[in-house]
>>> print(open('target_33.txt').read())   # compact mmCIF, C-alpha atoms
# COMPACT_ATOMS: atom_id res chain seq x y z
CA MET C 1 0.00 0.00 0.00
CA THR C 2 1.16 3.55 -0.65
CA HIS C 3 0.53 6.33 1.77
CA PRO C 4 -1.99 8.62 0.05
CA THR C 5 -0.20 11.84 0.86
CA THR C 6 3.47 11.00 1.19
CA GLY C 7 3.51 8.38 -1.50
CA ARG C 8 5.79 6.40 0.78
CA ARG C 9 5.41 2.68 0.38
CA ALA C 10 4.66 0.75 3.53
CA LYS C 11 6.17 -2.67 4.04
CA THR C 12 3.28 -4.94 3.24
CA SER C 13 2.84 -8.51 2.29
CA ALA C 14 -0.10 -10.39 0.89
CA LYS C 15 0.52 -12.81 3.73
CA LYS C 16 -0.07 -10.21 6.43
CA ALA C 17 -3.35 -8.52 7.26
CA VAL C 18 -3.22 -4.88 6.17
CA SER C 19 -5.56 -1.98 6.79
CA GLU C 20 -5.13 1.73 6.22
CA ILE C 21 -6.44 4.73 8.07
CA LEU C 22 -6.40 8.41 7.16
CA ILE C 23 -6.96 11.01 9.85
CA LEU C 24 -8.32 14.22 8.36
CA ALA C 25 -7.52 17.68 9.69
CA ASP C 26 -11.03 17.98 11.09
CA GLY C 27 -10.51 14.87 13.19
CA ASN C 28 -12.55 12.55 11.03
CA ILE C 29 -10.96 9.17 10.48
CA LEU C 30 -11.29 7.25 7.22
CA ALA C 31 -10.35 3.60 7.03
CA HIS C 32 -10.39 0.84 4.48
CA ASN C 33 -9.77 -2.89 4.47
CA ILE C 34 -10.85 -2.88 8.10
CA THR C 35 -9.87 -6.07 9.86
CA PRO C 36 -11.74 -7.30 12.95
CA ALA C 37 -8.95 -6.09 15.21
CA LEU C 38 -8.97 -2.60 13.66
CA ALA C 39 -12.76 -2.40 13.96
CA ASP C 40 -12.37 -2.96 17.68
CA VAL C 41 -9.82 -0.13 17.91
CA LEU C 42 -11.93 2.29 15.86
CA ALA C 43 -15.07 1.52 17.84
CA GLY C 44 -13.11 2.24 21.00
CA LEU C 45 -11.96 5.62 19.65
CA ASP C 46 -15.52 6.74 19.09
CA PRO C 47 -18.08 4.71 21.02
CA ALA C 48 -20.81 6.96 19.59
CA ASP C 49 -20.10 5.70 16.08
CA GLU C 50 -22.94 3.24 15.79
CA ALA C 51 -21.86 1.83 12.45
CA MET C 52 -18.38 1.01 13.69
CA SER C 53 -19.76 -0.45 16.89
CA ARG C 54 -21.86 -2.82 14.81
CA ARG C 55 -18.77 -3.87 12.86
CA ALA C 56 -16.85 -4.38 16.07
CA THR C 57 -19.75 -6.39 17.47
CA ARG C 58 -19.66 -8.64 14.45
CA GLU C 59 -15.96 -8.94 15.04
CA LYS C 60 -16.68 -10.56 18.41
CA THR C 61 -18.30 -13.47 16.61
CA PHE C 62 -15.12 -14.12 14.68
CA LYS C 63 -12.39 -16.22 16.16
CA ASN C 64 -9.10 -14.42 15.63
CA ALA C 65 -7.24 -17.57 14.85
CA LEU C 66 -6.43 -17.18 11.21
CA PRO C 67 -2.94 -18.18 10.24
CA ASN C 68 -1.97 -15.64 7.59
CA MET O 1 -52.21 -6.99 7.53
CA ILE O 2 -49.64 -5.46 5.20
CA CYS O 3 -47.15 -7.87 3.80
CA ALA O 4 -43.79 -6.77 2.49
CA PRO O 5 -43.10 -7.83 -1.08
CA PRO O 6 -41.16 -11.08 -1.16
CA GLU O 7 -37.43 -10.58 -1.35
CA LYS O 8 -35.73 -12.19 -4.30
CA ILE O 9 -33.57 -15.02 -3.05
CA TYR O 10 -30.93 -16.50 -5.28
CA ARG O 11 -28.84 -19.44 -4.35
CA ALA O 12 -25.91 -20.49 -6.40
CA THR O 13 -26.43 -23.83 -8.04
CA GLN O 14 -25.87 -26.88 -5.83
CA ASN O 15 -23.49 -28.42 -8.33
CA ARG O 16 -21.47 -25.23 -8.35
CA PRO O 17 -18.07 -26.79 -7.63
CA ALA O 18 -18.31 -29.16 -10.62
CA LEU O 19 -19.78 -26.52 -12.87
CA ALA O 20 -17.09 -24.04 -11.83
CA ARG O 21 -14.42 -26.58 -12.72
CA ASP O 22 -15.85 -26.93 -16.23
CA ARG O 23 -16.30 -23.20 -16.63
CA ALA O 24 -12.73 -22.57 -15.49
CA ARG O 25 -11.48 -24.68 -18.37
CA VAL O 26 -13.63 -22.75 -20.84
CA ALA O 27 -12.51 -19.45 -19.33
CA ARG O 28 -8.86 -20.44 -19.55
CA ALA O 29 -9.24 -21.33 -23.23
CA ALA O 30 -10.89 -17.96 -23.76
CA LEU O 31 -7.66 -16.23 -22.74
CA ALA O 32 -6.31 -17.15 -26.19
CA ASP O 33 -8.55 -14.42 -27.56
CA CYS O 34 -9.27 -12.42 -24.45
CA ARG O 35 -12.57 -10.59 -24.51
CA LEU O 36 -13.49 -10.98 -20.85
CA CYS O 37 -13.82 -7.26 -20.28
CA ALA O 38 -15.42 -4.65 -22.45
CA HIS O 39 -12.09 -3.37 -23.74
CA ASP O 40 -12.42 -6.37 -26.04
CA CYS O 41 -8.64 -6.54 -26.66
CA GLY O 42 -8.62 -9.95 -28.34
CA VAL O 43 -5.02 -10.67 -27.28
CA ASN O 44 -3.66 -14.15 -26.69
CA ARG O 45 -2.82 -14.08 -22.99
CA LEU O 46 -1.88 -17.76 -23.09
CA ALA O 47 0.93 -16.85 -25.48
CA GLY O 48 2.19 -14.01 -23.31
CA GLU O 49 0.39 -11.15 -25.04
CA THR O 50 -1.22 -8.57 -22.80
CA GLY O 51 -4.07 -6.17 -23.35
CA LEU O 52 -4.97 -2.94 -21.59
CA CYS O 53 -5.05 -4.63 -18.17
CA HIS O 54 -1.49 -5.95 -18.70
CA ALA O 55 -2.50 -9.20 -16.99
CA GLY O 56 -0.92 -12.48 -17.94
CA ALA O 57 -2.55 -15.88 -17.76
CA GLU O 58 -1.75 -16.50 -14.10
CA PRO O 59 -3.04 -14.09 -11.47
CA ARG O 60 -1.36 -12.71 -8.43
CA PHE O 61 -3.02 -11.44 -5.27
CA PHE O 62 -2.14 -8.59 -2.97
CA SER O 63 -4.46 -9.17 -0.06
CA ALA O 64 -6.30 -12.10 1.50
CA GLN O 65 -7.73 -11.48 4.91
CA VAL O 66 -10.89 -11.31 6.99
CA GLU O 67 -12.45 -7.86 6.86
CA VAL O 68 -15.41 -6.07 8.38
CA SER O 69 -15.43 -2.93 6.23
CA ASP O 70 -17.94 -4.10 3.65
CA GLU O 71 -21.73 -4.15 3.79
CA LEU O 72 -22.92 -5.23 7.23
CA GLU O 73 -24.98 -8.07 5.82
CA LEU O 74 -21.87 -9.57 4.19
CA MET O 75 -19.34 -9.38 6.98
CA PRO O 76 -17.13 -10.75 8.35
CA THR O 77 -15.92 -11.63 4.88
CA PHE O 78 -12.77 -13.39 3.76
CA SER O 79 -11.62 -11.07 0.96
CA VAL O 80 -9.22 -12.15 -1.74
CA ALA O 81 -7.89 -9.24 -3.79
CA LEU O 82 -6.37 -10.16 -7.16
CA SER O 83 -3.79 -7.83 -8.68
CA GLY O 84 -4.49 -5.89 -11.86
CA CYS O 85 -7.52 -4.16 -13.29
CA ASP O 86 -8.95 -3.20 -16.66
CA LEU O 87 -9.79 0.32 -15.50
CA ARG O 88 -7.30 3.04 -14.60
CA CYS O 89 -9.11 5.03 -11.94
CA ASP O 90 -6.78 7.79 -10.82
CA PHE O 91 -8.36 7.79 -7.35
CA CYS O 92 -8.03 4.04 -6.81
CA ILE O 93 -7.47 3.28 -3.13
CA THR O 94 -5.31 0.30 -4.11
CA GLY O 95 -3.83 1.89 -7.23
CA LYS O 96 -0.37 0.46 -6.83
CA GLU O 97 -1.66 -3.11 -6.91
CA SER O 98 -4.70 -2.56 -9.09
CA TRP O 99 -2.71 -0.93 -11.87
CA ASN O 100 -0.01 -3.58 -11.70
CA ALA O 101 -1.08 -7.15 -12.46
CA ARG O 102 2.38 -8.33 -11.37
CA ALA O 103 2.03 -6.97 -7.84
CA GLY O 104 1.68 -9.27 -4.86
CA LEU O 105 2.13 -13.01 -4.70
CA GLY O 106 1.28 -15.84 -7.05
CA PHE O 107 -2.28 -17.06 -6.60
CA ASP O 108 -2.63 -20.73 -5.74
CA ALA O 109 -6.33 -21.65 -5.85
CA ILE O 110 -5.92 -24.75 -3.68
CA GLN O 111 -4.00 -22.94 -0.97
CA MET O 112 -6.38 -19.98 -1.03
CA ALA O 113 -9.42 -22.23 -0.81
CA GLY O 114 -7.86 -23.80 2.28
CA ARG O 115 -7.51 -20.37 3.88
CA ALA O 116 -11.06 -19.45 2.90
CA LYS O 117 -12.49 -22.62 4.41
CA LEU O 118 -10.59 -22.02 7.63
CA ALA O 119 -11.93 -18.47 7.76
CA MET O 120 -15.46 -19.81 7.33
CA HIS O 121 -14.85 -22.31 10.08
CA ASN O 122 -13.80 -19.42 12.32
CA GLY O 123 -16.91 -17.40 11.61
CA ALA O 124 -16.55 -15.60 8.27
CA ARG O 125 -20.02 -15.38 6.74
CA THR O 126 -18.95 -14.82 3.17
CA ILE O 127 -16.05 -15.15 0.78
CA MET O 128 -15.39 -12.22 -1.51
CA VAL O 129 -13.37 -12.24 -4.70
CA LEU O 130 -12.25 -8.80 -5.79
CA GLY O 131 -9.34 -6.93 -7.27
CA GLY O 132 -8.20 -4.85 -8.88
CA GLU O 133 -10.81 -6.46 -11.04
CA PRO O 134 -11.44 -10.20 -10.79
CA THR O 135 -13.09 -10.48 -14.22
CA ILE O 136 -9.69 -10.32 -15.90
CA HIS O 137 -8.70 -13.38 -13.84
CA LEU O 138 -11.87 -15.34 -14.44
CA PRO O 139 -10.23 -18.76 -15.03
CA SER O 140 -8.48 -18.74 -11.66
CA ALA O 141 -11.43 -17.19 -9.87
CA LEU O 142 -13.58 -20.07 -11.12
CA GLU O 143 -10.94 -22.61 -10.12
CA PHE O 144 -11.07 -21.08 -6.64
CA VAL O 145 -14.88 -21.36 -6.61
CA SER O 146 -14.66 -25.00 -7.67
CA LEU O 147 -12.71 -25.76 -4.49
CA LEU O 148 -15.18 -24.13 -2.12
CA PRO O 149 -18.26 -25.79 -0.60
CA ALA O 150 -21.47 -25.31 -2.62
CA SER O 151 -23.05 -23.90 0.53
CA ALA O 152 -20.54 -21.05 0.89
CA LYS O 153 -21.93 -17.58 0.27
CA LEU O 154 -19.73 -16.10 -2.43
CA ILE O 155 -19.46 -12.45 -3.36
CA TRP O 156 -18.26 -11.18 -6.75
CA LYS O 157 -16.93 -7.66 -6.21
CA THR O 158 -16.64 -6.12 -9.65
CA ASN O 159 -16.37 -2.89 -11.59
CA ALA O 160 -19.18 -4.23 -13.82
CA HIS O 161 -17.13 -3.76 -16.96
CA GLY O 162 -17.29 -7.37 -18.12
CA THR O 163 -18.62 -8.75 -21.38
CA ALA O 164 -21.51 -11.09 -22.13
CA GLN O 165 -18.95 -13.89 -22.42
CA ALA O 166 -17.72 -13.26 -18.88
CA ARG O 167 -21.25 -13.05 -17.53
CA GLU O 168 -22.18 -16.34 -19.13
CA LEU O 169 -19.24 -18.01 -17.40
CA LEU O 170 -20.19 -16.39 -14.10
CA ASP O 171 -23.86 -17.34 -14.20
CA GLY O 172 -24.78 -19.22 -11.01
CA MET O 173 -21.28 -19.03 -9.59
CA PHE O 174 -21.67 -16.20 -7.08
CA ASP O 175 -24.55 -15.53 -4.70
CA VAL O 176 -24.07 -11.78 -4.64
CA TRP O 177 -22.73 -9.36 -7.21
CA LEU O 178 -21.28 -6.35 -5.43
CA ALA O 179 -20.91 -3.99 -8.34
CA ASP O 180 -19.56 -0.47 -8.65
CA PHE O 181 -21.36 2.20 -10.61
CA LYS O 182 -18.66 4.84 -10.34
CA PHE O 183 -19.42 7.42 -13.01
CA GLY O 184 -22.67 8.91 -14.18
CA ASN O 185 -21.41 9.92 -17.60
CA ASP O 186 -18.83 8.78 -20.12
CA ALA O 187 -16.83 12.00 -20.05
CA CYS O 188 -15.96 11.63 -16.35
CA ALA O 189 -15.24 7.92 -16.88
CA GLN O 190 -12.85 8.72 -19.72
CA ARG O 191 -11.10 11.50 -17.84
CA LEU O 192 -10.77 9.73 -14.47
CA ALA O 193 -10.52 6.05 -15.47
CA LYS O 194 -9.53 6.10 -19.15
CA VAL O 195 -12.48 4.00 -20.20
CA SER O 196 -14.95 4.61 -23.01
CA ASN O 197 -18.61 3.61 -23.27
CA TYR O 198 -18.57 3.15 -19.52
CA VAL O 199 -22.18 3.93 -18.69
CA ARG O 200 -23.75 1.59 -21.27
CA VAL O 201 -21.48 -1.31 -20.29
CA VAL O 202 -22.09 -0.93 -16.57
CA GLN O 203 -25.83 -0.58 -16.96
CA GLU O 204 -25.91 -3.73 -19.10
CA ASN O 205 -23.98 -5.63 -16.41
CA LEU O 206 -26.13 -4.37 -13.56
CA LEU O 207 -29.37 -5.35 -15.29
CA TRP O 208 -27.97 -8.80 -15.96
CA ALA O 209 -26.65 -9.22 -12.42
CA ASP O 210 -29.98 -8.23 -10.93
CA ALA O 211 -31.72 -10.86 -13.04
CA HIS O 212 -29.22 -13.62 -12.24
CA SER O 213 -28.10 -13.10 -8.64
CA GLU O 214 -28.52 -10.85 -5.68
CA LEU O 215 -27.15 -7.43 -6.54
CA ILE O 216 -25.71 -4.68 -4.39
CA VAL O 217 -24.65 -1.51 -6.19
CA ARG O 218 -21.91 0.63 -4.76
CA HIS O 219 -21.23 4.25 -5.53
CA LEU O 220 -18.28 6.10 -4.07
CA LEU O 221 -19.16 9.76 -3.75
CA MET O 222 -16.39 11.89 -5.18
CA PRO O 223 -15.87 15.57 -4.41
CA GLY O 224 -17.10 17.68 -7.31
CA HIS O 225 -18.92 14.74 -8.89
CA VAL O 226 -22.14 14.57 -6.97
CA ASP O 227 -24.18 16.32 -9.64
CA CYS O 228 -22.47 14.91 -12.73
CA CYS O 229 -21.94 11.37 -11.46
CA TRP O 230 -24.08 10.51 -8.46
CA ARG O 231 -27.25 12.20 -9.66
CA PRO O 232 -27.49 10.31 -12.99
CA VAL O 233 -26.49 7.05 -11.29
CA ALA O 234 -29.13 7.53 -8.62
CA GLU O 235 -31.81 8.47 -11.13
CA TRP O 236 -31.01 5.49 -13.34
CA LEU O 237 -31.10 3.09 -10.40
CA ALA O 238 -34.42 4.48 -9.23
CA ALA O 239 -35.93 4.11 -12.68
CA ASN O 240 -34.41 0.81 -13.78
CA LEU O 241 -33.57 -1.16 -10.65
CA PRO O 242 -36.14 0.01 -8.10
CA GLY O 243 -35.52 -1.52 -4.70
CA VAL O 244 -32.01 -2.69 -5.51
CA LYS O 245 -29.67 -2.46 -2.56
CA VAL O 246 -27.40 0.57 -2.83
CA ASN O 247 -24.37 1.30 -0.69
CA LEU O 248 -23.54 4.98 -0.98
CA ARG O 249 -20.02 5.47 0.27
CA ALA O 250 -18.91 8.85 1.57
CA GLY O 251 -15.37 8.04 2.63
CA PHE O 252 -13.56 9.34 -0.46
CA TRP O 253 -9.89 9.69 0.17
CA PRO O 254 -7.49 11.33 -2.24
CA ALA O 255 -5.38 8.25 -2.94
CA TRP O 256 -3.03 7.23 -5.75
CA HIS O 257 -3.16 9.78 -8.60
CA ALA O 258 -6.25 11.64 -7.37
CA ARG O 259 -4.22 14.83 -7.08
CA ARG O 260 -3.91 14.95 -10.85
CA HIS O 261 -7.46 16.26 -10.72
CA ALA O 262 -8.12 19.51 -8.89
CA GLU O 263 -11.50 18.46 -7.58
CA LEU O 264 -10.18 15.18 -6.15
CA LYS O 265 -7.52 16.69 -3.90
CA ASN O 266 -9.74 16.70 -0.84
CA SER O 267 -12.27 14.49 0.86
CA LEU O 268 -16.00 14.96 0.38
CA SER O 269 -17.51 18.10 1.91
CA SER O 270 -20.31 17.74 4.42
CA SER O 271 -22.65 19.72 2.16
CA GLU O 272 -22.00 17.33 -0.74
CA ASN O 273 -22.51 14.43 1.59
CA GLN O 274 -25.84 15.78 2.81
CA PHE O 275 -27.02 16.58 -0.69
CA ALA O 276 -26.10 13.12 -1.99
CA PHE O 277 -27.93 11.26 0.76
CA GLY O 278 -30.86 13.66 0.46
CA LEU O 279 -31.11 12.87 -3.23
CA ALA O 280 -31.02 9.15 -2.51
CA ASN O 281 -33.86 9.47 -0.05
CA GLU O 282 -35.83 11.71 -2.38
CA LEU O 283 -35.57 9.05 -5.11
CA GLY O 284 -36.53 6.29 -2.71
CA LEU O 285 -33.30 4.34 -3.10
CA ASN O 286 -32.83 1.32 -0.87
CA LEU O 287 -29.68 2.40 0.95
CA ILE O 288 -27.90 -0.20 3.01
CA PRO O 289 -25.05 0.24 5.50
>>> encode(input="target_33.txt", output="structure tokens")
Amino acid sequence: MTHPTTGRRAKTSAKKAVSEILILADGNILAHNITPALADVLAGLDPADEAMSRRATREKTFKNALPN
Amino acid sequence: MICAPPEKIYRATQNRPALARDRARVARAALADCRLCAHDCGVNRLAGETGLCHAGAEPRFFSAQVEVSDELELMPTFSVALSGCDLRCDFCITGKESWNARAGLGFDAIQMAGRAKLAMHNGARTIMVLGGEPTIHLPSALEFVSLLPASAKLIWKTNAHGTAQARELLDGMFDVWLADFKFGNDACAQRLAKVSNYVRVVQENLLWADAHSELIVRHLLMPGHVDCCWRPVAEWLAANLPGVKVNLRAGFWPAWHARRHAELKNSLSSSENQFAFGLANELGLNLIP
């Protein structure tokens, strides 16, 4: 993945789970390829975000035991 | 008592694994005169020629993981992202891998099916094949499908730029088509994604997908393109696919080469966001989270 503003390439591998977040100047956070673990983090950052809470809740039903 | 209209329920065919195996062979042979996407290049990918997507005969993948960022009704999903695409969207969030069919690792259908089955065992509700654009890798995508249980809920995440030949090979293979309708007019499609006849091709694919599977249409709102792109997309969906599930995405992020276009240098404004969702509600679109 390439950082959208710096163009710097992160060390990624198709074998490792990868997500990206972008924090805007107004404090809004954009994210894509959200993994269950990241959903939990994002829901914790803003407990009032109902949509993210629902994603994090779904995450609880998933066993984090995937060998990548 | 008021009853809601029955929801269309499509199930992929029970003999899907066997059928997918046969289709994969047909799809692989079709690479000798590749017309899987609407660019209609006609190159012999089996002989090493490449068309506009620059993809060879064997795909690579750049991501395979469980995600929860897609539609709520589909997640958690095990997403397999194949490298390369037939479009050249300057704002592509995975531009580096989507524009380069040689990015990532070699795709082994047997190994990937093993990972997908384990993910299902651990609670993934669906398996999603995406890209880049998976249509250009149809033979391997079908080989992957042939190795998955017939009961698995499979999602085909596509830019909806395939041909009738590709659709025929895909018929009954995926339970849900998750299809982008990115541009509301051909001029924006040409300028931002270097593709011609975009609107006609996508509309043709969406109508077919709705008739042959469950369909969810995605539109990514882009700054400066609400009126020229979202409005015509929304109006067409309301008129031609009433009730179809629509996921209107507001999280535009100026990735990849977006900065080549003045209007795509920033994220979506709150006023554009409000207007876009207001329009969707006004037209009675069936928005889903």
>>> atom_distance(input="target_33.txt", atom1="atom CA of O:Ala30", atom2="atom CA of O:Ser79")
25.7 Å
>>> residues_near_point(input="target_33.txt", point="(-7.5, 6.2, 7.8)", cutoff="8 Å", atoms="all atoms listed in the file", output="list in words")
Glu20, Ile21, Leu22, Ile23, Ile29, Leu30, Ala31 and His32 of chain C
>>> interface_residues(input="target_33.txt", of="chain O", to="chain C", cutoff="8 Å", atoms="only C-alpha atoms", output="MDAnalysis selection string")
chainID O and resid 61:69 72 75:76 94 96:97 104:105 118:119 122:124 251 253:256 289
>>> atom_distance(input="target_33.txt", atom1="atom CA of O:Glu204", atom2="atom CA of O:Glu282")
24.8 Å
>>> atom_distance(input="target_33.txt", atom1="atom CA of O:Cys229", atom2="atom CA of O:Phe183")
4.9 Å
>>> residues_around(input="target_33.txt", residues="O:Arg23", least_positions_apart="6", cutoff="8 Å", atoms="all atoms listed in the file", output="PyMOL selection string")
chain O and resi 139+142+169
>>> closest_residue(input="target_33.txt", among="O:Asp22, O:Glu58, O:Asp227, O:Glu73", to="O:Phe275", atoms="all atoms listed in the file")
O:Asp227
